[in-house]
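So this block is structure_22.csv, CSV, C-alpha atoms:
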```csv
chain,number,residue,atom,x,y,z
H,156,MET,CA,36.1,-48.1,102.6
H,157,SER,CA,33.8,-45.5,101.2
H,158,ILE,CA,36.4,-42.8,102.0
H,159,PHE,CA,39.0,-44.9,100.1
H,160,ASN,CA,36.6,-45.3,97.2
H,161,LYS,CA,36.0,-41.6,97.0
H,162,LEU,CA,39.8,-41.0,97.0
H,163,ILE,CA,40.6,-43.4,94.2
H,164,ALA,CA,37.6,-42.1,92.2
H,165,SER,CA,39.0,-38.5,92.6
H,166,VAL,CA,42.2,-39.6,90.9
H,167,GLY,CA,40.4,-41.4,88.1
H,168,ILE,CA,40.7,-45.0,89.4
H,169,GLY,CA,37.4,-46.7,89.6
H,170,SER,CA,35.6,-43.6,88.6
H,171,ALA,CA,32.5,-43.3,86.3
H,172,LYS,CA,33.0,-44.2,82.6
H,173,VAL,CA,31.5,-42.4,79.6
H,174,ASP,CA,30.7,-43.7,76.1
H,175,THR,CA,29.0,-41.6,73.4
H,176,LYS,CA,27.1,-43.7,70.9
H,177,ILE,CA,26.2,-41.9,67.6
H,178,ARG,CA,23.4,-43.1,65.3
H,179,ASN,CA,25.9,-43.7,62.5
H,180,ASN,CA,29.3,-42.4,61.5
H,181,TYR,CA,28.3,-40.7,58.2
H,182,PHE,CA,26.5,-37.4,58.0
H,183,VAL,CA,25.7,-34.7,55.5
H,184,GLN,CA,26.5,-31.0,56.3
H,185,GLY,CA,23.4,-29.5,57.9
H,186,GLU,CA,22.0,-32.9,59.0
H,187,ILE,CA,20.9,-33.8,62.5
H,188,LEU,CA,23.4,-35.8,64.5
H,189,ASP,CA,21.9,-37.8,67.3
H,190,GLY,CA,22.6,-40.5,69.7
H,191,VAL,CA,23.1,-41.2,73.5
H,192,VAL,CA,25.8,-40.5,76.0
H,193,GLU,CA,26.1,-43.6,78.3
H,194,ILE,CA,27.4,-43.0,81.8
H,195,ARG,CA,28.4,-46.0,84.0
H,196,GLY,CA,28.9,-45.3,87.7
H,197,GLY,CA,32.1,-46.3,89.4
H,198,VAL,CA,33.0,-47.4,92.9
H,199,THR,CA,31.2,-44.5,94.5
H,200,ASP,CA,28.5,-41.9,93.8
H,201,GLN,CA,29.8,-39.0,91.8
H,202,GLU,CA,28.4,-35.6,90.8
H,203,ILE,CA,28.4,-34.9,87.1
H,204,ASP,CA,28.5,-31.1,86.6
H,205,SER,CA,28.1,-31.1,82.8
H,206,ILE,CA,28.4,-33.1,79.6
H,207,LYS,CA,29.4,-31.3,76.5
H,208,LEU,CA,29.8,-32.6,73.0
H,209,LYS,CA,32.3,-30.7,70.9
H,210,LEU,CA,32.4,-31.1,67.1
H,211,MET,CA,36.1,-30.8,66.3
H,212,THR,CA,38.4,-30.5,63.3
H,213,VAL,CA,41.9,-29.3,62.5
H,214,TYR,CA,43.3,-26.8,60.1
H,215,GLY,CA,46.7,-25.8,58.7
H,216,HIS,CA,48.6,-22.6,58.3
H,217,GLU,CA,50.1,-21.4,55.0
H,218,ASP,CA,53.8,-22.0,54.6
H,219,SER,CA,53.9,-24.1,57.7
H,220,ASP,CA,53.4,-27.8,58.8
H,221,ARG,CA,51.7,-26.7,62.0
H,222,LEU,CA,48.1,-27.9,62.6
H,223,SER,CA,45.6,-26.3,65.0
H,224,GLN,CA,42.4,-27.8,66.5
H,225,ALA,CA,39.2,-25.9,66.1
H,226,VAL,CA,35.8,-26.3,67.7
H,227,VAL,CA,33.1,-26.3,65.0
H,228,TYR,CA,30.1,-26.5,67.4
H,229,THR,CA,29.5,-27.2,71.1
H,230,HIS,CA,26.3,-28.9,72.4
H,231,LYS,CA,25.5,-29.1,76.1
H,232,VAL,CA,23.8,-32.4,76.9
H,233,ASN,CA,22.6,-32.1,80.5
H,234,GLU,CA,22.2,-30.2,83.8
H,235,PRO,CA,24.2,-31.4,86.9
H,236,PHE,CA,23.2,-34.8,88.3
H,237,ILE,CA,24.5,-37.6,90.5
H,238,ILE,CA,25.6,-40.9,89.0
H,239,SER,CA,25.2,-43.6,91.7
H,240,LYS,CA,27.7,-46.4,92.3
H,241,GLY,CA,27.3,-49.0,89.6
H,242,GLU,CA,24.4,-47.1,87.9
H,243,ARG,CA,24.0,-47.1,84.1
H,244,LYS,CA,22.4,-44.0,82.7
H,245,GLU,CA,21.7,-43.0,79.1
H,246,ILE,CA,21.2,-39.4,78.0
H,247,PRO,CA,19.9,-38.8,74.5
H,248,PHE,CA,21.1,-35.8,72.4
H,249,ALA,CA,20.6,-34.3,69.0
H,250,PHE,CA,22.0,-31.3,67.3
H,251,ARG,CA,22.3,-30.0,63.7
H,252,ILE,CA,25.7,-30.2,62.1
H,253,PRO,CA,26.7,-26.7,60.9
H,254,LEU,CA,26.8,-26.2,57.2
H,255,ASP,CA,30.4,-25.0,57.4
H,256,THR,CA,31.5,-28.3,59.0
H,257,PRO,CA,34.4,-29.5,56.8
H,258,ILE,CA,33.8,-32.3,54.2
H,259,THR,CA,36.0,-35.3,54.8
H,260,MET,CA,37.7,-37.7,52.4
H,261,GLN,CA,39.4,-41.0,53.2
H,262,ASP,CA,43.2,-41.1,52.7
H,263,PRO,CA,43.7,-44.2,50.6
H,264,LYS,CA,47.0,-45.0,52.4
H,265,THR,CA,46.0,-44.5,56.0
H,266,PHE,CA,42.2,-45.0,55.6
H,267,LYS,CA,41.7,-42.0,57.9
H,268,ASN,CA,39.6,-39.0,57.2
H,269,VAL,CA,41.3,-35.9,55.9
H,270,PRO,CA,40.6,-33.5,57.4
H,271,PRO,CA,39.6,-35.3,60.5
H,272,VAL,CA,36.2,-34.4,62.1
H,273,TRP,CA,35.3,-35.9,65.5
H,274,ILE,CA,33.0,-35.6,68.5
H,275,ASP,CA,34.9,-34.9,71.7
H,276,THR,CA,32.8,-35.8,74.7
H,277,ASP,CA,33.8,-33.7,77.7
H,278,VAL,CA,32.4,-34.7,81.1
H,279,ASP,CA,33.0,-32.4,84.0
H,280,VAL,CA,33.1,-34.4,87.2
H,281,LYS,CA,33.0,-32.5,90.5
H,282,ASN,CA,36.1,-33.1,92.6
H,283,ALA,CA,37.4,-35.8,90.3
H,284,VAL,CA,39.3,-36.4,87.0
H,285,ASP,CA,37.1,-35.3,84.1
H,286,LEU,CA,36.0,-38.0,81.7
H,287,SER,CA,36.4,-37.9,77.9
H,288,ASP,CA,35.5,-39.9,74.8
H,289,VAL,CA,36.4,-39.4,71.1
H,290,ASP,CA,34.3,-40.5,68.1
H,291,HIS,CA,35.4,-39.8,64.5
H,292,ILE,CA,32.8,-39.2,61.9
H,293,SER,CA,32.6,-38.7,58.1
H,294,ILE,CA,31.0,-35.6,56.6
H,295,GLU,CA,29.4,-35.6,53.1
H,296,PRO,CA,28.8,-32.5,51.1
H,297,THR,CA,25.3,-30.9,50.6
H,298,GLU,CA,23.7,-31.1,47.2
H,299,VAL,CA,24.6,-27.4,46.8
H,300,HIS,CA,28.3,-28.2,47.4
H,301,GLU,CA,28.2,-31.1,45.0
H,302,ASN,CA,26.5,-29.0,42.2
H,303,ILE,CA,29.2,-26.3,42.5
H,304,ILE,CA,32.0,-28.8,42.3
H,305,ASP,CA,30.4,-30.5,39.3
H,306,ALA,CA,29.8,-27.2,37.6
H,307,ILE,CA,33.5,-26.4,37.8
H,308,LYS,CA,34.4,-29.8,36.5
H,309,VAL,CA,32.1,-29.3,33.5
H,310,ILE,CA,34.2,-26.4,32.2
H,311,GLY,CA,37.4,-28.4,32.0
H,312,PHE,CA,38.7,-28.8,35.6
H,313,ARG,CA,39.7,-31.8,37.7
H,314,PHE,CA,39.3,-31.7,41.4
H,315,ARG,CA,42.8,-32.2,42.9
H,316,GLN,CA,42.5,-31.8,46.7
H,317,MET,CA,40.9,-30.0,49.6
H,318,GLU,CA,42.2,-28.9,52.9
H,319,ASN,CA,41.3,-26.9,56.0
H,320,GLN,CA,43.4,-23.8,56.4
H,321,LYS,CA,43.5,-20.4,58.2
H,322,PRO,CA,41.3,-18.1,56.1
H,323,PRO,CA,43.2,-16.1,53.6
H,324,TYR,CA,43.3,-12.3,53.7
H,325,GLY,CA,40.0,-10.9,52.5
H,326,ILE,CA,37.8,-13.8,53.5
H,327,LYS,CA,35.9,-13.2,56.8
H,328,VAL,CA,34.3,-16.2,58.5
H,329,ALA,CA,33.1,-17.0,61.9
H,330,ARG,CA,35.5,-19.9,62.3
H,331,PRO,CA,39.3,-19.9,62.6
H,332,TYR,CA,39.4,-22.1,59.5
H,333,ILE,CA,38.0,-22.4,56.0
H,334,GLN,CA,37.9,-25.3,53.6
H,335,GLN,CA,39.7,-24.8,50.3
H,336,TYR,CA,39.1,-26.8,47.1
H,337,GLU,CA,41.8,-27.0,44.5
H,338,PHE,CA,41.1,-27.6,40.8
H,339,VAL,CA,43.5,-27.9,37.8
H,340,PRO,CA,42.6,-27.6,34.1
H,341,THR,CA,42.7,-30.9,32.3
H,342,HIS,CA,41.1,-30.0,28.9
H,343,GLY,CA,39.4,-27.2,27.1
H,344,ARG,CA,40.3,-23.6,26.7
H,345,TYR,CA,42.0,-23.2,30.1
H,346,LEU,CA,44.4,-26.2,29.8
H,347,LYS,CA,47.5,-24.1,29.0
H,348,LYS,CA,46.4,-20.8,30.4
H,349,LEU,CA,45.8,-21.5,34.1
H,350,ASP,CA,47.8,-23.3,36.8
H,351,GLU,CA,44.9,-23.9,39.2
H,352,LEU,CA,41.6,-22.6,40.5
H,353,GLU,CA,41.1,-22.4,44.3
H,354,VAL,CA,37.5,-22.2,45.6
H,355,TYR,CA,36.0,-21.6,49.0
H,356,ILE,CA,32.3,-22.5,49.4
H,357,LEU,CA,30.4,-20.7,52.2
H,358,GLN,CA,26.8,-21.9,52.3
H,359,ASN,CA,24.0,-20.6,54.5
H,360,GLU,CA,20.3,-21.4,54.6
H,361,TYR,CA,19.3,-19.4,51.5
H,362,GLU,CA,22.4,-18.5,49.5
H,363,THR,CA,26.0,-19.5,49.0
H,364,THR,CA,29.1,-17.3,48.6
H,365,ILE,CA,31.9,-18.7,46.5
H,366,TYR,CA,35.3,-17.1,47.0
H,367,PHE,CA,37.8,-18.0,44.3
H,368,GLU,CA,41.5,-17.5,43.4
H,369,ILE,CA,42.5,-17.9,39.7
H,370,ASP,CA,46.2,-18.6,39.1
H,371,LYS,CA,47.2,-17.8,35.6
H,372,ARG,CA,50.1,-19.7,34.0
H,373,SER,CA,53.1,-17.3,33.8
H,374,ARG,CA,55.3,-17.2,30.7
H,375,GLY,CA,58.5,-15.5,29.6
H,376,MET,CA,61.7,-14.4,31.3
H,377,PHE,CA,59.9,-12.7,34.2
H,378,SER,CA,57.6,-15.6,35.0
H,379,SER,CA,59.3,-16.5,38.3
H,380,LEU,CA,59.2,-12.9,39.5
H,381,VAL,CA,55.5,-12.7,38.6
H,382,GLU,CA,54.8,-15.9,40.6
H,383,ASN,CA,56.9,-14.8,43.6
H,384,LEU,CA,55.0,-11.5,43.8
H,385,ASN,CA,51.6,-13.3,43.3
H,386,LEU,CA,50.9,-11.1,40.3
H,387,ASP,CA,49.4,-14.1,38.5
H,388,GLU,CA,46.7,-14.5,41.1
H,389,HIS,CA,43.2,-13.0,40.7
H,390,ARG,CA,40.7,-13.1,43.6
H,391,GLY,CA,37.1,-12.4,43.9
H,392,SER,CA,33.7,-13.8,45.0
H,393,VAL,CA,30.3,-14.5,43.6
H,394,ILE,CA,26.9,-15.2,45.3
H,395,PHE,CA,24.2,-17.5,44.2
H,396,LYS,CA,20.8,-18.4,45.7
H,397,ASN,CA,20.8,-22.0,46.8
H,398,GLU,CA,17.7,-22.6,44.7
H,399,GLU,CA,19.6,-21.4,41.6
H,400,ILE,CA,22.5,-23.8,42.2
H,401,LEU,CA,20.1,-26.7,42.8
H,402,ASN,CA,17.9,-26.0,39.8
H,403,ASN,CA,20.3,-24.6,37.2
H,404,ARG,CA,23.8,-25.9,37.6
H,405,SER,CA,24.8,-24.5,34.3
H,406,LEU,CA,24.3,-21.0,35.7
H,407,VAL,CA,27.3,-21.7,38.0
H,408,SER,CA,29.4,-23.0,35.1
H,409,ASP,CA,28.5,-20.0,32.9
H,410,LYS,CA,29.4,-17.6,35.6
H,411,PHE,CA,32.8,-19.2,36.2
H,412,ASP,CA,33.5,-19.2,32.5
H,413,GLU,CA,32.7,-15.5,32.4
H,414,ILE,CA,34.9,-14.7,35.4
H,415,ILE,CA,37.9,-16.7,34.1
H,416,GLN,CA,37.6,-15.2,30.6
H,417,SER,CA,37.7,-11.7,32.1
H,418,VAL,CA,41.1,-12.3,33.7
H,419,LEU,CA,42.8,-14.1,30.9
```
Could you render the structure as structure tokens?
Amino acid sequence: MSIFNKLIASVGIGSAKVDTKIRNNYFVQGEILDGVVEIRGGVTDQEIDSIKLKLMTVYGHEDSDRLSQAVVYTHKVNEPFIISKGERKEIPFAFRIPLDTPITMQDPKTFKNVPPVWIDTDVDVKNAVDLSDVDHISIEPTEVHENIIDAIKVIGFRFRQMENQKPPYGIKVARPYIQQYEFVPTHGRYLKKLDELEVYILQNEYETTIYFEIDKRSRGMFSSLVENLNLDEHRGSVIFKNEEILNNRSLVSDKFDEIIQSVL
């Protein structure tokens, strides 16, 4: 009977089960994510080689509908151990969510997060089918991110959308993706002069780099040619200390005003 149990466990029938339980489903970039991984033994003893939690997301590619998965962070939970027949074991874990984890927003039609961010629990079981579990979470922006977005709104822009995409040329990041924020002018001096403002926020512990792309509104008989050749786009970057962003939001507004005025 024990040989039969080992056989069916090796093909995934009657094997151990895994369930990752997270403290909650809402986190801020840079916050500690903690919880427990619950392992329930199956019909026979099994050796668990490793348990890894992978913080995952997806990103798109310019001029394509293709989506790719990306690992934001990997956390190893344990060293090898034996889960006995019918045993229930809880292993606590905790790790810091990276600051470049994408911010999520709920799609009002599907009620799903865009872009999706989730924890993929990968359990490596010796001589058996590996176990897995998926838990979706929501990611809120840091106060630094919020202040930057508000500072851009103040000078006459409306936040339109955000998305994960493959990093554009000229932006070097550690991940295969970067999160893009799109703004459109709705009032003030830029209303009829700009099409949109694209922003990429890269925060670290002490300072934040903001990459930007300013799309001027093209006019005249050569406007379509100008747009096709991207001659109406102006790219650059600016760096602020996080303390400056938190304590003096108008500094960010004034700097973007200055930058935009210089390209008009």
Any idea what the distance is between CA of Ile304 (chain H) and CA of Tyr366 (chain H)?
->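 If I compute the distance from CA of Ile304 (chain H) to CA of Tyr366 (chain H), I get 13.0 Å.
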Give me the residues within 12 Å of Leu222 (chain H) as an mmCIF file with C-alpha atoms, in the coordinates of the input, counting only C-alpha atoms and dropping any in the same chain fewer than 5 places off.
```cif
data_model
loop_
_atom_site.group_PDB
_atom_site.id
_atom_site.type_symbol
_atom_site.label_atom_id
_atom_site.label_comp_id
_atom_site.auth_asym_id
_atom_site.auth_seq_id
_atom_site.Cartn_x
_atom_site.Cartn_y
_atom_site.Cartn_z
ATOM 1 C CA THR H 212 38.400 -30.500 63.300
ATOM 2 C CA VAL H 213 41.900 -29.300 62.500
ATOM 3 C CA TYR H 214 43.300 -26.800 60.100
ATOM 4 C CA GLY H 215 46.700 -25.800 58.700
ATOM 5 C CA HIS H 216 48.600 -22.600 58.300
ATOM 6 C CA GLU H 217 50.100 -21.400 55.000
ATOM 7 C CA PRO H 270 40.600 -33.500 57.400
ATOM 8 C CA PRO H 271 39.600 -35.300 60.500
ATOM 9 C CA GLU H 318 42.200 -28.900 52.900
ATOM 10 C CA ASN H 319 41.300 -26.900 56.000
ATOM 11 C CA GLN H 320 43.400 -23.800 56.400
ATOM 12 C CA LYS H 321 43.500 -20.400 58.200
ATOM 13 C CA PRO H 331 39.300 -19.900 62.600
ATOM 14 C CA TYR H 332 39.400 -22.100 59.500
#
```
Among listed residues H:Leu419, H:Ile203, H:Val269, H:Leu188, nearest His230 (chain H) (using all atoms listed in the file) | H:Leu188
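Between CA of Lys267 (chain H) and CA of Pro296 (chain H) lies a distance of 17.4 Å.
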Between H:Trp273, H:Tyr336, H:Phe411, H:Tyr361, which one has atoms that come closest to Val227 (chain H), using all atoms listed in the file?
-> H:Trp273
CA of Phe266 (chain H) to CA of Asp189 (chain H) measures 24.5 Å
If we count only C-alpha atoms, what is near Val173 (chain H) at a cut-off of 8 Å, once residues fewer than 2 positions away on the same chain are taken out, given as a ChimeraX atom specification?
-> /H:171,175,192-195,278,286-288
Using only C-alpha atoms, what does the table of region 290-377 of chain H residues within 9 Å of region 245-259 of chain H look like, with each row giving the shortest atom pair and its distance in Å to one decimal, sorted by chain and ascending number, as a tab-separated table?
```
residue	atom	partner	partner_atom	distance
H:Ile292	CA	H:Thr259	CA	8.7
H:Ser293	CA	H:Thr259	CA	5.8
H:Ile294	CA	H:Ile258	CA	4.9
H:Glu295	CA	H:Ile258	CA	5.6
H:Pro296	CA	H:Ile258	CA	5.9
H:Thr297	CA	H:Leu254	CA	8.2
H:Met317	CA	H:Ile258	CA	8.8
H:Glu318	CA	H:Pro257	CA	8.7
H:Asn319	CA	H:Pro257	CA	7.4
H:Arg330	CA	H:Asp255	CA	8.7
H:Ile333	CA	H:Pro257	CA	8.0
H:Gln334	CA	H:Pro257	CA	6.3
H:Ile356	CA	H:Asp255	CA	8.6
H:Leu357	CA	H:Asp255	CA	6.7
H:Gln358	CA	H:Leu254	CA	6.5
H:Asn359	CA	H:Leu254	CA	6.8
H:Glu360	CA	H:Leu254	CA	8.5
```
Restrict the selected residues to C-alpha atoms and save them as a PDB file, keeping the file's coordinate frame.
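Okay, part02.pdb is ready:
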```pdb
ATOM      1  CA  ILE H 292      32.800 -39.200  61.900  1.00  0.00           C
ATOM      2  CA  SER H 293      32.600 -38.700  58.100  1.00  0.00           C
ATOM      3  CA  ILE H 294      31.000 -35.600  56.600  1.00  0.00           C
ATOM      4  CA  GLU H 295      29.400 -35.600  53.100  1.00  0.00           C
ATOM      5  CA  PRO H 296      28.800 -32.500  51.100  1.00  0.00           C
ATOM      6  CA  THR H 297      25.300 -30.900  50.600  1.00  0.00           C
ATOM      7  CA  MET H 317      40.900 -30.000  49.600  1.00  0.00           C
ATOM      8  CA  GLU H 318      42.200 -28.900  52.900  1.00  0.00           C
ATOM      9  CA  ASN H 319      41.300 -26.900  56.000  1.00  0.00           C
ATOM     10  CA  ARG H 330      35.500 -19.900  62.300  1.00  0.00           C
ATOM     11  CA  ILE H 333      38.000 -22.400  56.000  1.00  0.00           C
ATOM     12  CA  GLN H 334      37.900 -25.300  53.600  1.00  0.00           C
ATOM     13  CA  ILE H 356      32.300 -22.500  49.400  1.00  0.00           C
ATOM     14  CA  LEU H 357      30.400 -20.700  52.200  1.00  0.00           C
ATOM     15  CA  GLN H 358      26.800 -21.900  52.300  1.00  0.00           C
ATOM     16  CA  ASN H 359      24.000 -20.600  54.500  1.00  0.00           C
ATOM     17  CA  GLU H 360      20.300 -21.400  54.600  1.00  0.00           C
TER      18      GLU H 360
END
```
Excluding same-chain residues fewer than 2 positions from region 339-351 of chain H, what lies within 6 Å of it counting only C-alpha atoms, as a PyMOL selection string?
-> chain H and resi 311-313+370-372
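Each of H:Glu388, H:Asp412, H:Glu398, H:Asp174 was compared to Glu298 (chain H) using all atoms listed in the file, and H:Glu398 turns out to be the nearest.
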Between H:Val328, H:Val354, H:Met260, H:Leu401, which has the minimum distance to Val272 (chain H) (counting only C-alpha atoms)?
->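 The closest residue to Val272 (chain H) is H:Met260.
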With only C-alpha atoms as the basis for distance, which of H:Glu186, H:Asp275, H:Asp262, H:Glu242 is at the shortest distance from Leu208 (chain H)?
->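 Looking at the shortest contact to Leu208 (chain H), the residue is H:Asp275.
Residue nearest Asp409 (chain H) within the list H:Ile310, H:Ala225, H:Val191, H:Ile237: H:Ile310 [criterion: smallest interatomic distance, all atoms listed in the file].
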Excluding same-chain residues fewer than 5 positions from Asn233 (chain H), what lies within 9 Å of it counting all atoms listed in the file, as a PyMOL selection string?
-> chain H and resi 204-207+246
Hey, what's within 7 Å of Phe367 (chain H) if we count only C-alpha atoms and toss same-chain stuff fewer than 4 positions away? As an mmCIF file with C-alpha atoms, keeping the file's coordinate frame, please?
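Written out: part-v2.cif:
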```
data_model
loop_
_atom_site.group_PDB
_atom_site.id
_atom_site.type_symbol
_atom_site.label_atom_id
_atom_site.label_comp_id
_atom_site.auth_asym_id
_atom_site.auth_seq_id
_atom_site.Cartn_x
_atom_site.Cartn_y
_atom_site.Cartn_z
ATOM 1 C CA GLU H 353 41.100 -22.400 44.300
ATOM 2 C CA VAL H 354 37.500 -22.200 45.600
ATOM 3 C CA TYR H 355 36.000 -21.600 49.000
ATOM 4 C CA ARG H 390 40.700 -13.100 43.600
ATOM 5 C CA GLY H 391 37.100 -12.400 43.900
ATOM 6 C CA SER H 392 33.700 -13.800 45.000
#
```
Model the absent atoms of region 269-288 of chain H so that N, CA and C atoms are present, and write the result as a short mmCIF file (atom, residue, chain, number, x, y, z; two decimals), in the frame of the given file.
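Saved the output as rebuild-v3.cif:
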```cif
data_model
loop_
_atom_site.label_atom_id
_atom_site.label_comp_id
_atom_site.auth_asym_id
_atom_site.auth_seq_id
_atom_site.Cartn_x
_atom_site.Cartn_y
_atom_site.Cartn_z
N VAL H 269 40.49 -37.14 56.02
CA VAL H 269 41.30 -35.90 55.90
C VAL H 269 40.30 -34.85 55.31
N PRO H 270 40.12 -33.72 56.01
CA PRO H 270 40.60 -33.50 57.40
C PRO H 270 39.80 -34.30 58.38
N PRO H 271 40.36 -34.59 59.53
CA PRO H 271 39.60 -35.30 60.50
C PRO H 271 38.48 -34.46 61.15
N VAL H 272 37.35 -35.08 61.39
CA VAL H 272 36.20 -34.40 62.10
C VAL H 272 35.79 -35.44 63.17
N TRP H 273 35.63 -34.96 64.39
CA TRP H 273 35.30 -35.90 65.50
C TRP H 273 34.43 -35.22 66.53
N ILE H 274 33.76 -36.07 67.32
CA ILE H 274 33.00 -35.60 68.50
C ILE H 274 33.85 -35.87 69.73
N ASP H 275 34.14 -34.82 70.46
CA ASP H 275 34.90 -34.90 71.70
C ASP H 275 33.89 -34.77 72.85
N THR H 276 33.68 -35.85 73.60
CA THR H 276 32.80 -35.80 74.70
C THR H 276 33.55 -35.38 75.98
N ASP H 277 33.15 -34.27 76.55
CA ASP H 277 33.80 -33.70 77.70
C ASP H 277 32.88 -33.73 78.90
N VAL H 278 33.21 -34.56 79.88
CA VAL H 278 32.40 -34.70 81.10
C VAL H 278 33.07 -34.06 82.27
N ASP H 279 32.43 -33.07 82.85
CA ASP H 279 33.00 -32.40 84.00
C ASP H 279 32.50 -33.02 85.28
N VAL H 280 33.41 -33.70 85.98
CA VAL H 280 33.10 -34.40 87.20
C VAL H 280 33.56 -33.65 88.41
N LYS H 281 32.65 -33.35 89.32
CA LYS H 281 33.00 -32.50 90.50
C LYS H 281 33.99 -33.29 91.39
N ASN H 282 35.08 -32.60 91.74
CA ASN H 282 36.10 -33.10 92.60
C ASN H 282 36.72 -34.43 92.15
N ALA H 283 36.83 -34.59 90.83
CA ALA H 283 37.40 -35.80 90.30
C ALA H 283 38.03 -35.51 88.92
N VAL H 284 38.71 -36.50 88.37
CA VAL H 284 39.30 -36.40 87.00
C VAL H 284 38.17 -36.35 86.01
N ASP H 285 38.18 -35.36 85.13
CA ASP H 285 37.10 -35.30 84.10
C ASP H 285 37.23 -36.46 83.14
N LEU H 286 36.09 -36.85 82.60
CA LEU H 286 36.00 -38.00 81.70
C LEU H 286 35.99 -37.46 80.24
N SER H 287 36.39 -38.32 79.30
CA SER H 287 36.40 -37.90 77.90
C SER H 287 36.17 -39.14 77.01
N ASP H 288 35.71 -38.87 75.80
CA ASP H 288 35.50 -39.90 74.80
C ASP H 288 35.61 -39.26 73.44
#
```
